[in-house]
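K.L.:
This is the structure I have questions about; it appears just below.
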Amino acid sequence: MPLHPAQAHWFDAYIPRHQTVYALEAFARSGSVELDRDIVADPVVDTSELRRRLREFERIRARHAEDLPAADLGPVPVLERPEDAVQESTRVLEHWCAETLRLRSQGERLRRARYNLELLEECVGAMGEQAASLVGFSRAGRLLYKRVFACPADNLQLSPAEARGLAGVFVGARHVFHVVADVTEHQAVLELDAEFRHCQPVEVPDGLPATRQEQLGVLQARHSVLAREAADLQAAEQAHRDDPAVRKALGVAELLTWYLDNSVTLTENRRYCHVTGWTSAASAEELQRALRTAGVQGMIMFHTPPPGRRPSVRGEGGRLGGPFRLFVDMFGTPDTVEVDPTSWLAVIVPLLFGYMFPDVGHGLVLAAGGLLWGRRVPALKVLVPCGLAAAAFGLPFGEVFGVHSVLEPWLWRPLEKPLLTLSVPVFFGAFIILLGMVFGALGARWRGALGEWVRKDAALLALYVGGLASFWHIELGLAALAVAAVWYIWGSASEREGNPLARLLRAAGMLLERLFQLALHTASFIRVGAFALGHAALSHALFEVAYLIDEPVARLATLVLGHLLVIVLEGLVVFVQTTRLVLFEFFTRFLRAEGRAFRPLSPPARGGRR
């Protein structure tokens, strides 16, 4: 298992100036580049023209934000100058917006025509045979005033005696139609317009036949024509909304906006941009391939980092330890001179969790939940190995959903041998504590502080080993304890100045404190066995309670809901306890978490459909 943290490499890249934005995107897409943010002395790229053109683009986009599709740069790289790219994108957006307004106007015209046709059909149906009088209405004008008004059904119906020129009032299914004809006086026309200001004028088309049946046939044919036009318009609008040209234009604008947040420097000849930072790539050729794939020309070199640049550490754990990286991230980032315990957690965490949650059925349910939800919430992937470990411990303990008649235990049932169940995790906890001390020695060696570790922490390690050995051979263990105690007191007292007796007493006090802490931390692993007992007791109690219910359906519901509650609540508590043991009994022995995490350049966000 790898112990040394993976340190990122320092790289220098020289990119043609007009391709820099696309090189940065290629780096971001690779997920292996962290840009240097400490550029101060070198001149940055002049982006004033680019910012001005982007502001114009954003002004147009803001006016049509509700209509625009999702942004998409597409797989084909755009390699012209950024200023030219945003100018072309603005032109495409302006053309798209103008076409949007034209289609919208055409849609409104079709909507009005179809509505007028519906009113006219209702009017012809209401007028009956008198609909023949509508034939000449299309040739009416201001000198020969002829109008049909569709008014709400509750509108006051005027009689010919009450309104001059009113030829008739016809009641339809939804409207009342007022037919006005042969009004020529200007004042009378104005009065009628004012009278029917809340009603909808109905336009009568040319070529309307004389008979009612023929009129309805013509109107139906016109309906079919308008329906086809509406379908064609809807298809045109859909194609327009998904126009790849405007989607690409929006993507280019988002890419360039993202680029403005990542400054780079110019070389002396101002033809190339100098991009520098850290990378998790194994070689310069790996970054070179990322540029070639994006169609960008550039030169990549790995160098020793400049003075004052603090190297970043890649948070990795491989395929085995990857899900357990979250425990290390809770504590901090290991420095380059510290042990990275991620891979070891792939063994330690499942063993602790599985022993505290030993049940074949519950473990398999947890593992299935990790597989189901791990893609949406990556942190839940840790449930898969932990659930499988719980199922594995359930086999030797003979636990399957609290039912003891399914499996015979290979070792023992937790409730039948509680002392043995409590004592076994203590020895595993002692191994974890010893492993942490050994990792502390490795870190001291890498930091060049091995001598200090030998004077004190090595003696403490010998004391702990001697204490454990006394369980098997008391004389040998006590002798080792005595030698290690003298070793620790001498090593601690030799580091300080002052009265020798005071230094010895201080060292002895420190020794007692450290021994008490080690004993307390070792004993804290008893909780692992206690949770195993609690889990077995709770599962068995649930099984016994459910079988006191006579109704089969109620019994099954009690079992299902009860086990789900046990899995969720007890699984959460066990995970918290596992986290506590790992962080406080293991990490604190060797991990200072003084490293700087590798933070790769985030790719430009892609906007969704608004």
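In the structure tokens, chains take letters A, B, ... by order of appearance, with residues numbered from 1 within each chain and ligands from 1 in the order shown.
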For the alpha helix (DSSP H) assignment from backbone DSSP, which residues of range 487-596 of chain A qualify? Please present them as a PyMOL selection string.

P.N.:
chain A and resi 487-493+500-523+526-546+552-565+571-580

K.L.:
Quick one: residues within 7 Å of range 280-288 of chain A, only C-alpha atoms, excluding same-chain residues fewer than 4 positions away - as a PyMOL selection string?

P.N.:
chain A and resi 8-9+32-33+292+300-302+314

K.L.:
Quick one, how far is CA of Ala532 in chain A from CA of Met356 in chain A?

P.N.:
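We find that CA of Ala532 in chain A and CA of Met356 in chain A lie 4.3 Å from each other.
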
K.L.:
Would you kindly return, as an NGL selection string, each protein, DNA or RNA residue with an atom no farther than 9 Å from any atom of range 238-247 of chain A, considering only C-alpha atoms and excluding same-chain residues fewer than 4 positions away?

P.N.:
:A and (67-74 or 89 or 92-93 or 96 or 99-100 or 233-234 or 251-252)

K.L.:
Could you list, as an NGL selection string, every residue within 6 Å of Val148 in chain A, counting only C-alpha atoms and ignoring same-chain residues fewer than 6 positions away?

P.N.:
:A and (178-179 or 201-202)

K.L.:
List the neighbours of Val403 in chain A out to 10 Å using only C-alpha atoms; skip same-chain residues closer than 6 positions along the sequence, and give me the result as a ChimeraX atom specification.

P.N.:
/A:359,361,536,539-544

K.L.:
Write the residues of the selection above to a file with C-alpha atoms, as a short mmCIF file (atom, residue, chain, number, x, y, z; two decimals), in the first residue's frame.

P.N.:
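part.cif, written as the output of this step:
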data_model
loop_
_atom_site.label_atom_id
_atom_site.label_comp_id
_atom_site.auth_asym_id
_atom_site.auth_seq_id
_atom_site.Cartn_x
_atom_site.Cartn_y
_atom_site.Cartn_z
CA ASP A 359 -25.40 -9.12 9.97
CA GLY A 361 -28.89 -9.27 5.61
CA ALA A 536 -27.38 -8.44 17.81
CA SER A 539 -32.16 -7.37 15.82
CA HIS A 540 -33.13 -10.39 17.92
CA ALA A 541 -35.60 -8.31 19.98
CA LEU A 542 -37.23 -7.01 16.81
CA PHE A 543 -37.62 -10.57 15.56
CA GLU A 544 -39.21 -11.71 18.85
#

K.L.:
Please, which residues of range 252-451 of chain A, numbered as in this document, come out strand (DSSP E or B) from DSSP, as a PyMOL selection string?

P.N.:
chain A and resi 265-266+272-279+299-303+312-314+400+403

K.L.:
I'd like the neighbourhood of Ala392 in chain A as a PyMOL selection string, where a residue qualifies if any of its atoms comes within 12 Å (using only C-alpha atoms), though same-chain residues fewer than 2 positions away should be ignored.

P.N.:
chain A and resi 350-351+353-364+367+385-390+394-400+409-410

K.L.:
Compile the contact shell of Pro604 in chain A as a list in words: residues with an atom at most 7 Å away, counting only C-alpha atoms, same-chain residues fewer than 3 positions apart removed.

P.N.:
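So, after excluding close chain neighbours, the residues are Glu254, Leu255 and Trp258 of chain A.
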
K.L.:
Atoms to include: C-alpha atoms. Write the selected residues as a CSV table (one decimal), in the first residue's frame.

P.N.:
chain,number,residue,atom,x,y,z
A,254,GLU,CA,-19.5,31.2,-21.4
A,255,LEU,CA,-16.0,29.8,-22.1
A,258,TRP,CA,-14.6,31.7,-17.6
